[in-house]
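J.: mmCIF, C-alpha atoms and all ligand atoms, saved as entry.cif, coming up:
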```cif
data_entry
#
loop_
_atom_site.label_atom_id
_atom_site.label_comp_id
_atom_site.auth_asym_id
_atom_site.auth_seq_id
_atom_site.Cartn_x
_atom_site.Cartn_y
_atom_site.Cartn_z
CA MET A 1 5.74 -38.04 -5.34
CA ALA A 2 8.37 -35.43 -4.52
CA PHE A 3 8.13 -32.42 -6.78
CA VAL A 4 10.59 -29.52 -7.09
CA ALA A 5 8.63 -26.23 -7.07
CA PRO A 6 9.23 -23.98 -10.12
CA ALA A 7 10.68 -21.15 -8.03
CA GLY A 8 10.94 -20.04 -4.42
CA THR A 9 13.12 -19.12 -1.49
CA PRO A 10 13.55 -21.57 1.40
CA ILE A 11 12.53 -20.13 4.79
CA SER A 12 13.54 -22.37 7.72
CA PRO A 13 11.56 -22.30 10.99
CA LEU A 14 14.41 -20.31 12.56
CA THR A 15 14.45 -17.81 9.68
CA PHE A 16 10.67 -17.51 9.98
CA ALA A 17 10.94 -16.73 13.71
CA VAL A 18 13.80 -14.25 13.20
CA SER A 19 11.89 -12.55 10.35
CA LEU A 20 8.67 -12.26 12.32
CA ALA A 21 10.50 -10.84 15.34
CA ARG A 22 12.28 -8.33 13.09
CA GLY A 23 8.97 -7.42 11.44
CA LEU A 24 7.27 -6.83 14.78
CA GLY A 25 10.11 -4.48 15.76
CA SER A 26 10.19 -0.94 14.47
CA SER A 27 13.11 -0.87 12.05
CA ALA A 28 12.50 -3.60 9.44
CA GLU A 29 11.22 -1.19 6.78
CA ILE A 30 14.24 1.09 7.21
CA GLU A 31 16.65 -1.87 7.11
CA LEU A 32 14.99 -3.23 3.97
CA GLY A 33 14.59 0.10 2.19
CA GLU A 34 18.06 1.39 2.97
CA GLY A 35 19.53 -2.00 2.05
CA LEU A 36 17.79 -1.99 -1.33
CA ALA A 37 18.67 1.64 -2.09
CA ALA A 38 22.32 1.02 -1.18
CA HIS A 39 22.31 -2.14 -3.32
CA ALA A 40 20.93 -0.24 -6.34
CA ARG A 41 23.23 2.75 -5.63
CA HIS A 42 20.24 5.04 -5.30
CA SER A 43 19.60 7.49 -2.48
CA ARG A 44 15.87 6.96 -1.80
CA TYR A 45 13.34 4.11 -1.45
CA TRP A 46 9.56 3.63 -1.23
CA LEU A 47 7.90 0.40 -0.05
CA VAL A 48 4.54 -0.56 -1.58
CA SER A 49 2.01 -3.41 -1.19
CA THR A 50 3.14 -5.22 -4.38
CA GLY A 51 5.59 -4.77 -7.24
CA ARG A 52 2.74 -3.93 -9.63
CA ALA A 53 1.38 -1.31 -7.22
CA ALA A 54 4.90 0.14 -6.99
CA MET A 55 4.98 0.33 -10.79
CA VAL A 56 1.69 2.26 -10.86
CA LEU A 57 3.15 4.72 -8.34
CA ALA A 58 6.39 5.17 -10.31
CA LEU A 59 4.56 5.82 -13.60
CA GLN A 60 2.17 8.30 -11.95
CA ALA A 61 5.10 10.17 -10.41
CA MET A 62 6.83 10.34 -13.80
CA ARG A 63 3.66 11.81 -15.27
CA ASP A 64 3.40 14.30 -12.37
CA VAL A 65 6.81 15.83 -13.13
CA THR A 66 6.69 15.71 -16.94
CA LYS A 67 5.67 19.03 -18.46
CA GLU A 68 4.76 17.92 -21.99
CA SER A 69 1.17 16.70 -21.67
CA GLN A 70 1.36 14.59 -24.87
CA ARG A 71 3.76 12.16 -23.16
CA VAL A 72 1.36 9.36 -22.21
CA GLU A 73 2.98 6.31 -23.83
CA VAL A 74 5.02 3.77 -21.89
CA ILE A 75 7.20 1.37 -23.88
CA VAL A 76 7.17 -2.14 -22.38
CA PRO A 77 8.86 -5.32 -23.63
CA ALA A 78 6.47 -7.36 -25.78
CA TYR A 79 7.26 -10.41 -23.65
CA THR A 80 7.11 -9.77 -19.91
CA CYS A 81 4.89 -10.23 -16.86
CA TYR A 82 1.26 -9.22 -17.62
CA SER A 83 1.36 -7.00 -14.51
CA VAL A 84 3.56 -4.56 -16.42
CA PRO A 85 1.06 -3.45 -19.12
CA ALA A 86 -1.71 -3.69 -16.48
CA ALA A 87 0.20 -1.17 -14.32
CA VAL A 88 0.56 1.18 -17.31
CA ILE A 89 -3.20 1.03 -17.96
CA LYS A 90 -4.07 1.35 -14.26
CA ALA A 91 -1.87 4.48 -14.14
CA GLY A 92 -4.03 5.98 -16.92
CA LEU A 93 -1.28 5.69 -19.55
CA LYS A 94 -0.96 3.94 -22.91
CA PRO A 95 1.15 0.79 -23.30
CA ARG A 96 3.37 0.56 -26.41
CA LEU A 97 5.23 -2.64 -27.22
CA CYS A 98 8.85 -3.02 -28.23
CA ASP A 99 9.86 -6.46 -29.46
CA VAL A 100 12.34 -8.64 -27.58
CA ASP A 101 15.37 -10.47 -28.92
CA PRO A 102 14.69 -14.20 -28.40
CA ALA A 103 18.43 -14.92 -28.06
CA SER A 104 18.76 -12.82 -24.89
CA LEU A 105 15.08 -12.18 -23.95
CA SER A 106 16.04 -8.47 -23.77
CA LEU A 107 14.16 -5.50 -25.19
CA ASP A 108 15.80 -5.30 -28.61
CA PRO A 109 17.87 -2.07 -28.64
CA GLU A 110 17.64 -1.97 -32.48
CA ALA A 111 13.83 -2.02 -32.33
CA LEU A 112 13.81 0.53 -29.51
CA ARG A 113 15.99 2.95 -31.52
CA LYS A 114 13.37 2.98 -34.32
CA PHE A 115 10.58 4.22 -32.01
CA ASP A 116 8.95 7.63 -32.42
CA PHE A 117 9.60 9.03 -28.92
CA SER A 118 7.52 12.20 -29.31
CA ARG A 119 4.65 10.89 -27.11
CA VAL A 120 6.73 8.58 -24.92
CA LEU A 121 6.87 9.10 -21.16
CA ALA A 122 9.01 6.12 -20.14
CA VAL A 123 10.71 2.88 -21.14
CA VAL A 124 10.39 -0.21 -18.90
CA THR A 125 12.91 -3.10 -18.87
CA ALA A 126 12.15 -6.75 -17.95
CA ASN A 127 15.30 -8.64 -16.81
CA LEU A 128 13.20 -11.82 -16.77
CA TYR A 129 14.42 -14.81 -14.73
CA GLY A 130 17.16 -12.55 -13.38
CA ILE A 131 18.98 -12.22 -16.71
CA PRO A 132 19.99 -8.59 -17.32
CA ASN A 133 18.64 -6.89 -20.43
CA HIS A 134 20.98 -4.82 -22.60
CA LEU A 135 20.59 -2.17 -19.90
CA LYS A 136 23.47 0.10 -20.83
CA SER A 137 22.21 0.43 -24.42
CA ILE A 138 18.60 0.90 -23.30
CA GLU A 139 19.69 3.56 -20.81
CA ALA A 140 21.65 5.41 -23.49
CA ILE A 141 18.61 5.42 -25.83
CA ALA A 142 16.29 6.65 -23.05
CA ARG A 143 18.73 9.45 -22.15
CA GLU A 144 19.20 10.45 -25.79
CA HIS A 145 15.44 10.90 -26.19
CA GLY A 146 14.89 12.52 -22.78
CA VAL A 147 12.41 9.89 -21.54
CA TRP A 148 12.27 8.21 -18.13
CA MET A 149 13.54 4.66 -17.68
CA LEU A 150 12.07 2.23 -15.15
CA ASP A 151 14.44 -0.69 -14.55
CA ASP A 152 12.08 -3.55 -13.68
CA SER A 153 14.17 -5.80 -11.47
CA ALA A 154 11.23 -7.74 -10.03
CA GLN A 155 13.06 -10.98 -10.95
CA ALA A 156 16.64 -9.72 -10.95
CA LEU A 157 17.58 -8.53 -7.45
CA GLY A 158 21.26 -9.53 -7.16
CA ALA A 159 22.02 -9.49 -10.91
CA MET A 160 24.77 -7.22 -12.28
CA HIS A 161 25.41 -5.61 -15.68
CA GLU A 162 28.62 -3.77 -16.60
CA GLY A 163 29.61 -3.57 -12.94
CA ARG A 164 26.29 -2.01 -11.91
CA PRO A 165 23.33 -3.60 -10.09
CA VAL A 166 20.20 -4.44 -12.08
CA GLY A 167 17.46 -2.16 -10.76
CA GLY A 168 20.05 0.63 -10.66
CA PHE A 169 19.78 1.59 -14.33
CA GLY A 170 17.70 4.50 -15.56
CA ASP A 171 15.73 6.67 -13.13
CA VAL A 172 13.71 4.25 -10.99
CA GLY A 173 14.40 0.64 -10.01
CA LEU A 174 11.64 -1.78 -9.06
CA TYR A 175 11.87 -4.88 -6.85
CA SER A 176 9.18 -7.40 -5.93
CA PHE A 177 8.84 -9.74 -2.94
CA ASP A 178 6.15 -11.94 -4.50
CA LYS A 179 6.36 -15.70 -4.04
CA GLY A 180 8.59 -16.61 -6.98
CA LYS A 181 11.05 -13.71 -6.76
CA ASN A 182 14.67 -13.54 -5.56
CA ILE A 183 13.62 -12.79 -1.97
CA THR A 184 10.06 -13.04 -0.75
CA SER A 185 7.46 -12.08 1.82
CA LEU A 186 4.76 -13.54 -0.52
CA GLU A 187 3.79 -10.02 -1.51
CA GLY A 188 5.44 -6.63 -1.50
CA GLY A 189 7.34 -4.28 -3.74
CA ALA A 190 9.86 -1.47 -3.63
CA LEU A 191 11.04 1.45 -5.71
CA VAL A 192 14.49 3.02 -5.56
CA ALA A 193 15.49 6.33 -7.17
CA SER A 194 17.69 9.40 -6.80
CA HIS A 195 16.27 12.05 -9.16
CA PRO A 196 15.23 14.98 -6.89
CA GLU A 197 11.98 16.05 -8.61
CA LEU A 198 10.86 12.49 -9.24
CA SER A 199 11.66 11.61 -5.61
CA ALA A 200 9.56 14.54 -4.41
CA ALA A 201 6.65 13.34 -6.58
CA LEU A 202 7.07 9.80 -5.22
CA ASP A 203 7.07 11.19 -1.67
CA ARG A 204 3.77 12.99 -2.36
CA ARG A 205 2.16 9.94 -3.98
CA HIS A 206 3.42 7.54 -1.30
CA ALA A 207 2.23 9.79 1.54
CA GLN A 208 -1.33 9.52 0.14
CA LEU A 209 -1.36 5.70 0.09
CA PRO A 210 -3.54 3.92 2.63
CA PRO A 211 -1.61 1.84 5.19
CA ALA A 212 -1.27 -1.92 4.70
CA SER A 213 -4.50 -3.64 5.63
CA ALA A 214 -4.03 -5.46 8.96
CA VAL A 215 -6.31 -8.31 7.88
CA ARG A 216 -4.37 -8.79 4.68
CA THR A 217 -1.05 -8.77 6.54
CA SER A 218 -2.25 -11.40 9.04
CA THR A 219 -3.51 -13.60 6.21
CA THR A 220 -0.21 -13.24 4.38
CA ILE A 221 1.78 -14.25 7.50
CA VAL A 222 -0.30 -17.43 7.76
CA LYS A 223 0.26 -18.12 4.05
CA LEU A 224 3.98 -17.47 4.52
CA ALA A 225 4.14 -20.12 7.24
CA ALA A 226 2.42 -22.56 4.85
CA TYR A 227 4.77 -21.54 2.00
CA ALA A 228 7.84 -22.09 4.19
CA ALA A 229 6.58 -25.50 5.32
CA LEU A 230 5.42 -26.75 1.92
CA LEU A 231 8.21 -25.60 -0.43
CA PRO A 232 10.47 -28.67 0.20
CA PRO A 233 9.87 -31.16 -2.65
CA THR A 234 8.43 -33.94 -0.46
CA LEU A 235 5.54 -31.76 0.73
CA TYR A 236 5.24 -29.64 -2.42
CA GLY A 237 4.55 -32.86 -4.31
CA VAL A 238 1.55 -33.50 -2.04
CA VAL A 239 -0.02 -30.05 -2.08
CA ARG A 240 0.64 -28.76 -5.58
CA LYS A 241 -2.48 -30.41 -7.00
CA LEU A 242 -4.79 -28.88 -4.39
CA PRO A 243 -7.41 -26.66 -5.99
CA GLY A 244 -7.67 -23.02 -5.00
CA LEU A 245 -3.98 -22.36 -4.61
CA GLY A 246 -3.76 -20.77 -8.05
CA LEU A 247 -0.24 -22.10 -8.47
CA GLY A 248 1.46 -21.14 -11.70
CA ARG A 249 -1.46 -19.40 -13.39
CA THR A 250 -0.91 -16.12 -15.26
CA LEU A 251 -3.98 -13.92 -15.40
CA TYR A 252 -4.38 -10.32 -16.47
CA ASP A 253 -5.54 -8.16 -13.53
CA GLU A 254 -5.85 -4.42 -12.93
CA THR A 255 -8.00 -4.66 -9.79
CA TYR A 256 -5.51 -4.76 -6.93
CA PRO A 257 -5.01 -2.33 -4.05
CA VAL A 258 -2.20 0.22 -4.11
CA GLU A 259 -1.23 0.45 -0.44
CA ARG A 260 1.87 0.82 1.69
CA TYR A 261 3.92 -2.27 2.45
CA SER A 262 3.41 -3.97 5.77
CA GLY A 263 6.17 -3.32 8.34
CA THR A 264 5.66 -6.86 9.62
CA LEU A 265 6.17 -8.40 6.19
CA ALA A 266 9.24 -6.19 5.78
CA GLY A 267 10.88 -8.31 8.49
CA PHE A 268 10.91 -11.26 6.08
CA ALA A 269 12.27 -9.36 3.08
CA ALA A 270 14.87 -7.59 5.29
CA THR A 271 16.08 -10.91 6.71
CA LEU A 272 16.34 -12.51 3.27
CA LEU A 273 18.02 -9.42 1.79
CA LYS A 274 20.91 -9.99 4.22
CA ARG A 275 21.26 -13.47 2.71
CA LEU A 276 20.98 -12.28 -0.89
CA PRO A 277 24.64 -12.95 -1.84
CA ALA A 278 24.40 -16.59 -0.70
CA LEU A 279 20.93 -17.06 -2.25
CA THR A 280 22.14 -15.64 -5.57
CA ARG A 281 25.33 -17.72 -5.57
CA GLY A 282 23.29 -20.88 -4.97
CA ARG A 283 20.93 -20.09 -7.86
CA GLN A 284 23.86 -19.23 -10.14
CA ASP A 285 25.61 -22.53 -9.32
CA ASN A 286 22.41 -24.46 -10.06
CA ALA A 287 21.93 -22.53 -13.32
CA MET A 288 25.51 -23.27 -14.42
CA ALA A 289 24.96 -26.98 -13.72
CA LEU A 290 21.76 -26.85 -15.84
CA LEU A 291 23.58 -25.01 -18.64
CA ALA A 292 26.37 -27.62 -18.63
CA GLU A 293 23.86 -30.50 -19.01
CA LEU A 294 21.33 -28.85 -21.34
CA SER A 295 23.91 -27.43 -23.75
CA LYS A 296 24.60 -31.06 -24.73
CA VAL A 297 20.93 -31.78 -25.46
CA PRO A 298 19.78 -31.43 -29.09
CA GLY A 299 16.81 -29.14 -29.73
CA VAL A 300 17.56 -26.89 -26.74
CA GLN A 301 18.66 -23.26 -27.18
CA SER A 302 20.30 -21.60 -24.18
CA ILE A 303 19.71 -17.91 -23.46
CA GLU A 304 22.62 -15.53 -24.04
CA VAL A 305 23.56 -13.46 -21.02
CA PRO A 306 24.74 -10.02 -22.24
CA PRO A 307 28.52 -9.48 -22.02
CA GLY A 308 29.71 -8.13 -18.67
CA SER A 309 26.64 -9.48 -16.85
CA GLN A 310 25.98 -11.83 -13.94
CA ALA A 311 22.45 -13.20 -14.01
CA ALA A 312 20.60 -13.84 -10.73
CA TYR A 313 18.59 -16.79 -12.17
CA ALA A 314 15.31 -16.60 -10.26
CA ARG A 315 14.62 -19.47 -12.68
CA TYR A 316 16.62 -21.08 -15.50
CA PRO A 317 15.04 -20.41 -18.91
CA PHE A 318 15.78 -22.01 -22.28
CA LEU A 319 14.01 -22.19 -25.67
CA MET A 320 12.88 -25.29 -27.55
CA ILE A 321 14.10 -24.92 -31.12
CA ASP A 322 10.98 -26.83 -32.29
CA ALA A 323 7.90 -25.30 -30.60
CA THR A 324 5.80 -28.40 -31.32
CA GLN A 325 7.91 -30.44 -28.89
CA ARG A 326 7.41 -28.14 -25.93
CA VAL A 327 4.22 -29.74 -24.60
CA ALA A 328 5.85 -33.16 -24.57
CA VAL A 329 8.97 -31.78 -22.89
CA LEU A 330 6.92 -30.11 -20.17
CA GLU A 331 5.00 -33.34 -19.58
CA LYS A 332 8.21 -35.39 -19.29
CA LEU A 333 9.76 -32.90 -16.89
CA GLU A 334 6.62 -32.85 -14.77
CA ALA A 335 6.52 -36.65 -14.73
CA ALA A 336 10.12 -36.54 -13.45
CA GLY A 337 9.02 -34.36 -10.51
CA ILE A 338 10.51 -31.14 -11.87
CA GLY A 339 8.58 -27.86 -11.72
CA ALA A 340 9.08 -26.83 -15.34
CA THR A 341 6.84 -24.04 -16.69
CA ALA A 342 6.00 -22.46 -20.02
CA SER A 343 6.26 -19.08 -18.26
CA TYR A 344 3.87 -16.36 -19.53
CA PRO A 345 1.59 -17.99 -22.10
CA ASN A 346 1.46 -15.15 -24.63
CA ALA A 347 3.29 -12.23 -26.16
CA LEU A 348 1.56 -9.08 -24.88
CA CYS A 349 0.19 -8.31 -28.35
CA ASP A 350 -1.81 -11.54 -28.00
CA VAL A 351 -3.28 -10.75 -24.57
CA PRO A 352 -6.77 -9.39 -25.40
CA GLU A 353 -6.93 -6.98 -22.41
CA VAL A 354 -3.65 -5.40 -23.57
CA ALA A 355 -4.26 -5.59 -27.33
CA VAL A 356 -7.34 -3.32 -27.12
CA HIS A 357 -5.04 -0.51 -25.96
CA LEU A 358 -2.42 -0.98 -28.68
CA PRO A 359 -2.00 0.75 -32.04
CA ALA A 360 -1.97 -1.56 -35.08
CA ALA A 361 1.82 -1.19 -35.38
CA ASP A 362 2.28 -2.98 -32.04
CA LEU A 363 0.15 -6.02 -32.82
CA ASP A 364 2.84 -8.10 -34.52
CA MET A 365 5.77 -8.95 -32.28
CA PRO A 366 7.61 -11.94 -33.85
CA GLY A 367 10.41 -12.09 -31.27
CA ALA A 368 8.00 -12.10 -28.33
CA ARG A 369 5.76 -14.69 -30.06
CA GLU A 370 8.76 -16.94 -30.62
CA VAL A 371 9.68 -16.72 -26.94
CA ALA A 372 6.08 -17.31 -25.80
CA SER A 373 5.77 -20.45 -27.92
CA THR A 374 9.17 -22.02 -27.11
CA ILE A 375 10.29 -20.99 -23.61
CA VAL A 376 10.67 -23.45 -20.74
CA THR A 377 11.83 -22.55 -17.23
CA LEU A 378 13.43 -24.84 -14.65
CA PRO A 379 13.91 -24.37 -10.90
CA THR A 380 17.17 -22.99 -9.47
CA HIS A 381 16.27 -22.62 -5.77
CA ALA A 382 18.10 -24.29 -2.89
CA TYR A 383 15.63 -27.19 -2.72
CA SER A 384 16.66 -28.31 -6.22
CA PRO A 385 18.39 -31.67 -5.83
CA ALA A 386 21.94 -32.11 -7.18
CA ASP A 387 20.76 -34.60 -9.82
CA LEU A 388 18.10 -32.25 -11.22
CA PRO A 389 20.21 -31.14 -14.24
CA ALA A 390 20.90 -34.74 -15.28
CA ARG A 391 17.24 -35.71 -14.77
CA ALA A 392 16.05 -32.70 -16.74
CA ALA A 393 18.43 -33.48 -19.62
CA ALA A 394 17.30 -37.13 -19.68
CA SER A 395 13.63 -36.08 -19.69
CA ILE A 396 14.15 -33.80 -22.71
CA ARG A 397 16.23 -36.40 -24.56
CA ALA A 398 13.45 -38.93 -24.05
CA VAL A 399 11.12 -36.73 -26.13
CA PHE A 400 13.59 -36.66 -29.03
CA ALA A 401 14.22 -40.39 -28.81
CA LYS A 402 10.61 -41.13 -29.81
C1 LIG B 1 6.45 -10.15 -10.61
C2 LIG B 1 6.74 -9.09 -11.58
C3 LIG B 1 6.17 -7.80 -11.48
C4 LIG B 1 5.13 -7.44 -10.47
O1 LIG B 1 5.49 -7.72 -9.14
P1 LIG B 1 4.34 -8.18 -8.10
O2 LIG B 1 5.02 -7.98 -6.77
O3 LIG B 1 4.05 -9.61 -8.40
O4 LIG B 1 3.18 -7.29 -8.28
C5 LIG B 1 6.57 -6.85 -12.39
N1 LIG B 1 7.44 -7.14 -13.36
C6 LIG B 1 7.99 -8.35 -13.51
C7 LIG B 1 8.95 -8.61 -14.61
C8 LIG B 1 7.65 -9.38 -12.63
O5 LIG B 1 8.18 -10.59 -12.78
#
```
How does the structure come out when it is put into structure tokens?
Ligand SMILES: *Cc1c(COP(=O)(O)O)cnc(C)c1O
T.:
Amino acid sequence: MAFVAPAGTPISPLTFAVSLARGLGSSAEIELGEGLAAHARHSRYWLVSTGRAAMVLALQAMRDVTKESQRVEVIVPAYTCYSVPAAVIKAGLKPRLCDVDPASLSLDPEALRKFDFSRVLAVVTANLYGIPNHLKSIEAIAREHGVWMLDDSAQALGAMHEGRPVGGFGDVGLYSFDKGKNITSLEGGALVASHPELSAALDRRHAQLPPASAVRTSTTIVKLAAYAALLPPTLYGVVRKLPGLGLGRTLYDETYPVERYSGTLAGFAATLLKRLPALTRGRQDNAMALLAELSKVPGVQSIEVPPGSQAAYARYPFLMIDATQRVAVLEKLEAAGIGATASYPNALCDVPEVAVHLPAADLDMPGAREVASTIVTLPTHAYSPADLPARAAASIRAVFAK
């Protein structure tokens, strides 16, 4: 049966050929990097093997240029991608959790203000599903306390907040080209920044990275061809049950290489970056259609987008008001051929590999636990059929009708 993948970016055979040709040329990395830096209104860029590897590099560079040696804590949202605390630990630093506001999924500025910043090196945002966090407030708090801010825009390339691009807040912006992100080459990441000393430290760190492994790049190109071919719902429905693909699993992992990005893969991200406005508009239109249908469904709580923001909607998230109905809702949606997910399974305080690094004060994060137990995400990509919002709404209603 046809099945709409949870997230993705369509790559037609022509786009694949154009991307590969661009990647085999000599200027794809410059096109991509300069395009991202210009987008984020930063002056510099660094391309890295993955978003999580880029985060390790950014945090190490922040440590390199920070004189006070007690600053080893990095504040991360208590509900975000597990790669974020893993990058903090891999960089030799200590994760600290700040709770999120379930209404907006943002780091809660009120909770952040209460932090003791005396040992803090940096604050990291989340912008999950492409919905901007309260970035202006978070930036003001970071500035007031003289700590670095890393604007994690791994899911939010194309989103705007207060007239500024997400990824352009704070000192360093991060983008990812993993398979479910706004643009993709299946793996890859980028940093953008302007701060002179931090940029010099990033230059030094980046110059020491090993080049992209040629074997890994070739394998990824083959996987990209399969991804492009199989993302349409008719084929995705056939392959999604195949074992070994690891689709949709969230695991904690610190054991990945930190390498440069492949120039060949950069051809794909550079080609898709040129199409970002159209890709984002398509996802926004699909998200608005989902909002219109789901806001009429009882038991569903929509996420508030902060004022003055345009979300990029890598996915469309909502919360189930009654957590006990989520399993049934996910089953109904799946039975209807819709790639709904429960996103990251746990608040970070409940991920054992993270919890061992946390002080007792960070082990109870009610906002993040509420999100983890109630969130559902729906697809917004261009292969989502026009009747998906109505089908999704009917599937959820069917659970309540029981
Ligand atoms: C995907 C993601 C990352 C890491 O990016 P990878 O390229 O997958 O390593 C970091 N932060 C967030 C919020 C993400 O969604």
J.: Which residue out of A:Tyr383, A:Tyr79, A:Phe117, A:Tyr236 has the minimum interatomic distance to ligand LIG 1 (chain B) when all atoms listed in the file are used?
T.: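 Looking at the shortest contact to ligand LIG 1 (chain B), the residue is A:Tyr79.
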J.: Go through the chains and note each residue within 9 Å of ligand LIG 1 (chain B), using all atoms listed in the file, then give the set as a ChimeraX atom specification.
T.: /A:49-55,80-84,87,125-129,152-156,174-181,186-190
J.: Record the distance separating atom CA of Thr66 of chain A and atom CA of His42 of chain A, expressed in Å with one decimal.
T.: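 Separation between atom CA of Thr66 of chain A and atom CA of His42 of chain A: 20.8 Å.
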J.: When distances are computed from only C-alpha atoms, which of A:Pro6, A:Gly92, A:Gly25, A:Pro77 shows the smallest separation from Val56 of chain A?
T.: A:Gly92
J.: Kindly provide the residues of segment 65-146 of chain A that approach segment 293-310 of chain A to within 8 Å, each paired with its closest atom pair and their distance in Å to one decimal, based on all atoms listed in the file, listed by chain and increasing number, as CSV.
T.:
```
residue,atom,partner,partner_atom,distance
A:Pro102,CA,A:Ile303,CA,8.0
A:Ala103,CA,A:Ile303,CA,5.6
A:Ser104,CA,A:Glu304,CA,4.8
A:Leu105,CA,A:Ile303,CA,7.4
A:Ile131,CA,A:Val305,CA,6.4
A:Pro132,CA,A:Ser309,CA,6.7
A:Asn133,CA,A:Pro306,CA,7.1
A:His134,CA,A:Pro306,CA,6.4
```
J.: Using all atoms listed in the file for the distances, tell me which of A:Ile141, A:Leu363, A:Ala335, A:Leu32 is nearest to Cys349 of chain A.
T.: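 Ranked by minimum distance to Cys349 of chain A, first place goes to A:Leu363.
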J.: Which residues are close to Leu198 of chain A, i.e. within 7 Å by only C-alpha atoms, leaving aside same-chain residues fewer than 6 positions away? Reply as a PDB file with C-alpha atoms, in the frame of the given file.
T.:
```pdb
ATOM      1  CA  ALA A  61       5.100  10.170 -10.410  1.00  0.00           C
ATOM      2  CA  MET A  62       6.830  10.340 -13.800  1.00  0.00           C
ATOM      3  CA  VAL A  65       6.810  15.830 -13.130  1.00  0.00           C
TER       4      VAL A  65
END
```
J.: Give the answer as one residue: which of A:Ala58, A:Val88, A:Gly237, A:Gly339 has the shortest atom-to-atom distance to Met149 of chain A, using only C-alpha atoms?
T.: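 The answer is A:Ala58, which sits nearest to Met149 of chain A.
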J.: What is the atom CA of Arg391 of chain A-atom CA of Thr9 of chain A distance in Å, reported with one decimal?
T.: 21.6 Å
J.: Pick out the closest residue to Arg44 of chain A from this set: A:Ala200, A:Leu20, A:Ala111, A:Ala86. Count only C-alpha atoms.
T.: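 When distances to Arg44 of chain A are compared using only C-alpha atoms, the smallest one comes from A:Ala200.
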J.: With a distance cut-off of 10 Å and all atoms listed in the file, select the neighbouring residues of Ala336 of chain A, excluding the residue or stretch itself and same-chain residues fewer than 2 positions from it, and output the selection as a PyMOL selection string.
T.: chain A and resi 1-4+330-334+338-340+388+391-392+394-395
J.: Point out the residue among A:Pro233, A:Pro345, A:Gly35, A:Pro10 with the least atom-to-atom distance to Thr250 of chain A, counting only C-alpha atoms.
T.: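 Among the listed residues, the smallest separation from Thr250 of chain A belongs to A:Pro345.
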J.: So how many Å separate atom CA of Pro210 of chain A and atom CA of Leu93 of chain A, to one decimal?
T.: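 According to the coordinates, atom CA of Pro210 of chain A and atom CA of Leu93 of chain A are separated by 22.4 Å.
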J.: With a distance cut-off of 9 Å and all atoms listed in the file, select the neighbouring residues of Ser43 of chain A, excluding the residue or stretch itself and same-chain residues fewer than 4 positions from it, and output the selection as a ChimeraX atom specification.
T.: /A:34,37-38,192-195
J.: Which polymer residues have any atom within 9 Å of an atom of segment 285-290 of chain A, counting all atoms listed in the file, with same-chain residues fewer than 6 positions away left out, as a short mmCIF file (atom, residue, chain, number, x, y, z; two decimals) with C-alpha atoms, in the frame of the given file?
T.:
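Contents of the output file around_26.cif:
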```cif
data_model
loop_
_atom_site.label_atom_id
_atom_site.label_comp_id
_atom_site.auth_asym_id
_atom_site.auth_seq_id
_atom_site.Cartn_x
_atom_site.Cartn_y
_atom_site.Cartn_z
CA TYR A 313 18.59 -16.79 -12.17
CA ARG A 315 14.62 -19.47 -12.68
CA TYR A 316 16.62 -21.08 -15.50
CA LEU A 378 13.43 -24.84 -14.65
CA PRO A 379 13.91 -24.37 -10.90
CA THR A 380 17.17 -22.99 -9.47
CA HIS A 381 16.27 -22.62 -5.77
CA ALA A 382 18.10 -24.29 -2.89
CA SER A 384 16.66 -28.31 -6.22
CA ALA A 386 21.94 -32.11 -7.18
CA LEU A 388 18.10 -32.25 -11.22
CA PRO A 389 20.21 -31.14 -14.24
CA ALA A 390 20.90 -34.74 -15.28
CA ALA A 392 16.05 -32.70 -16.74
CA ALA A 393 18.43 -33.48 -19.62
#
```
J.: Within 8 Å of Val74 of chain A, counting all atoms listed in the file, which residues show up once you throw out same-chain ones fewer than 2 positions away? Write them as a PDB file with C-alpha atoms, in the coordinates of the input, please.
T.:
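In the end it all went to selection_10.pdb:
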```pdb
ATOM      1  CA  VAL A  72       1.360   9.360 -22.210  1.00  0.00           C
ATOM      2  CA  VAL A  76       7.170  -2.140 -22.380  1.00  0.00           C
ATOM      3  CA  VAL A  88       0.560   1.180 -17.310  1.00  0.00           C
ATOM      4  CA  LEU A  93      -1.280   5.690 -19.550  1.00  0.00           C
ATOM      5  CA  LYS A  94      -0.960   3.940 -22.910  1.00  0.00           C
ATOM      6  CA  PRO A  95       1.150   0.790 -23.300  1.00  0.00           C
ATOM      7  CA  ARG A  96       3.370   0.560 -26.410  1.00  0.00           C
ATOM      8  CA  VAL A 120       6.730   8.580 -24.920  1.00  0.00           C
ATOM      9  CA  LEU A 121       6.870   9.100 -21.160  1.00  0.00           C
ATOM     10  CA  ALA A 122       9.010   6.120 -20.140  1.00  0.00           C
ATOM     11  CA  VAL A 123      10.710   2.880 -21.140  1.00  0.00           C
ATOM     12  CA  VAL A 124      10.390  -0.210 -18.900  1.00  0.00           C
TER      13      VAL A 124
END
```
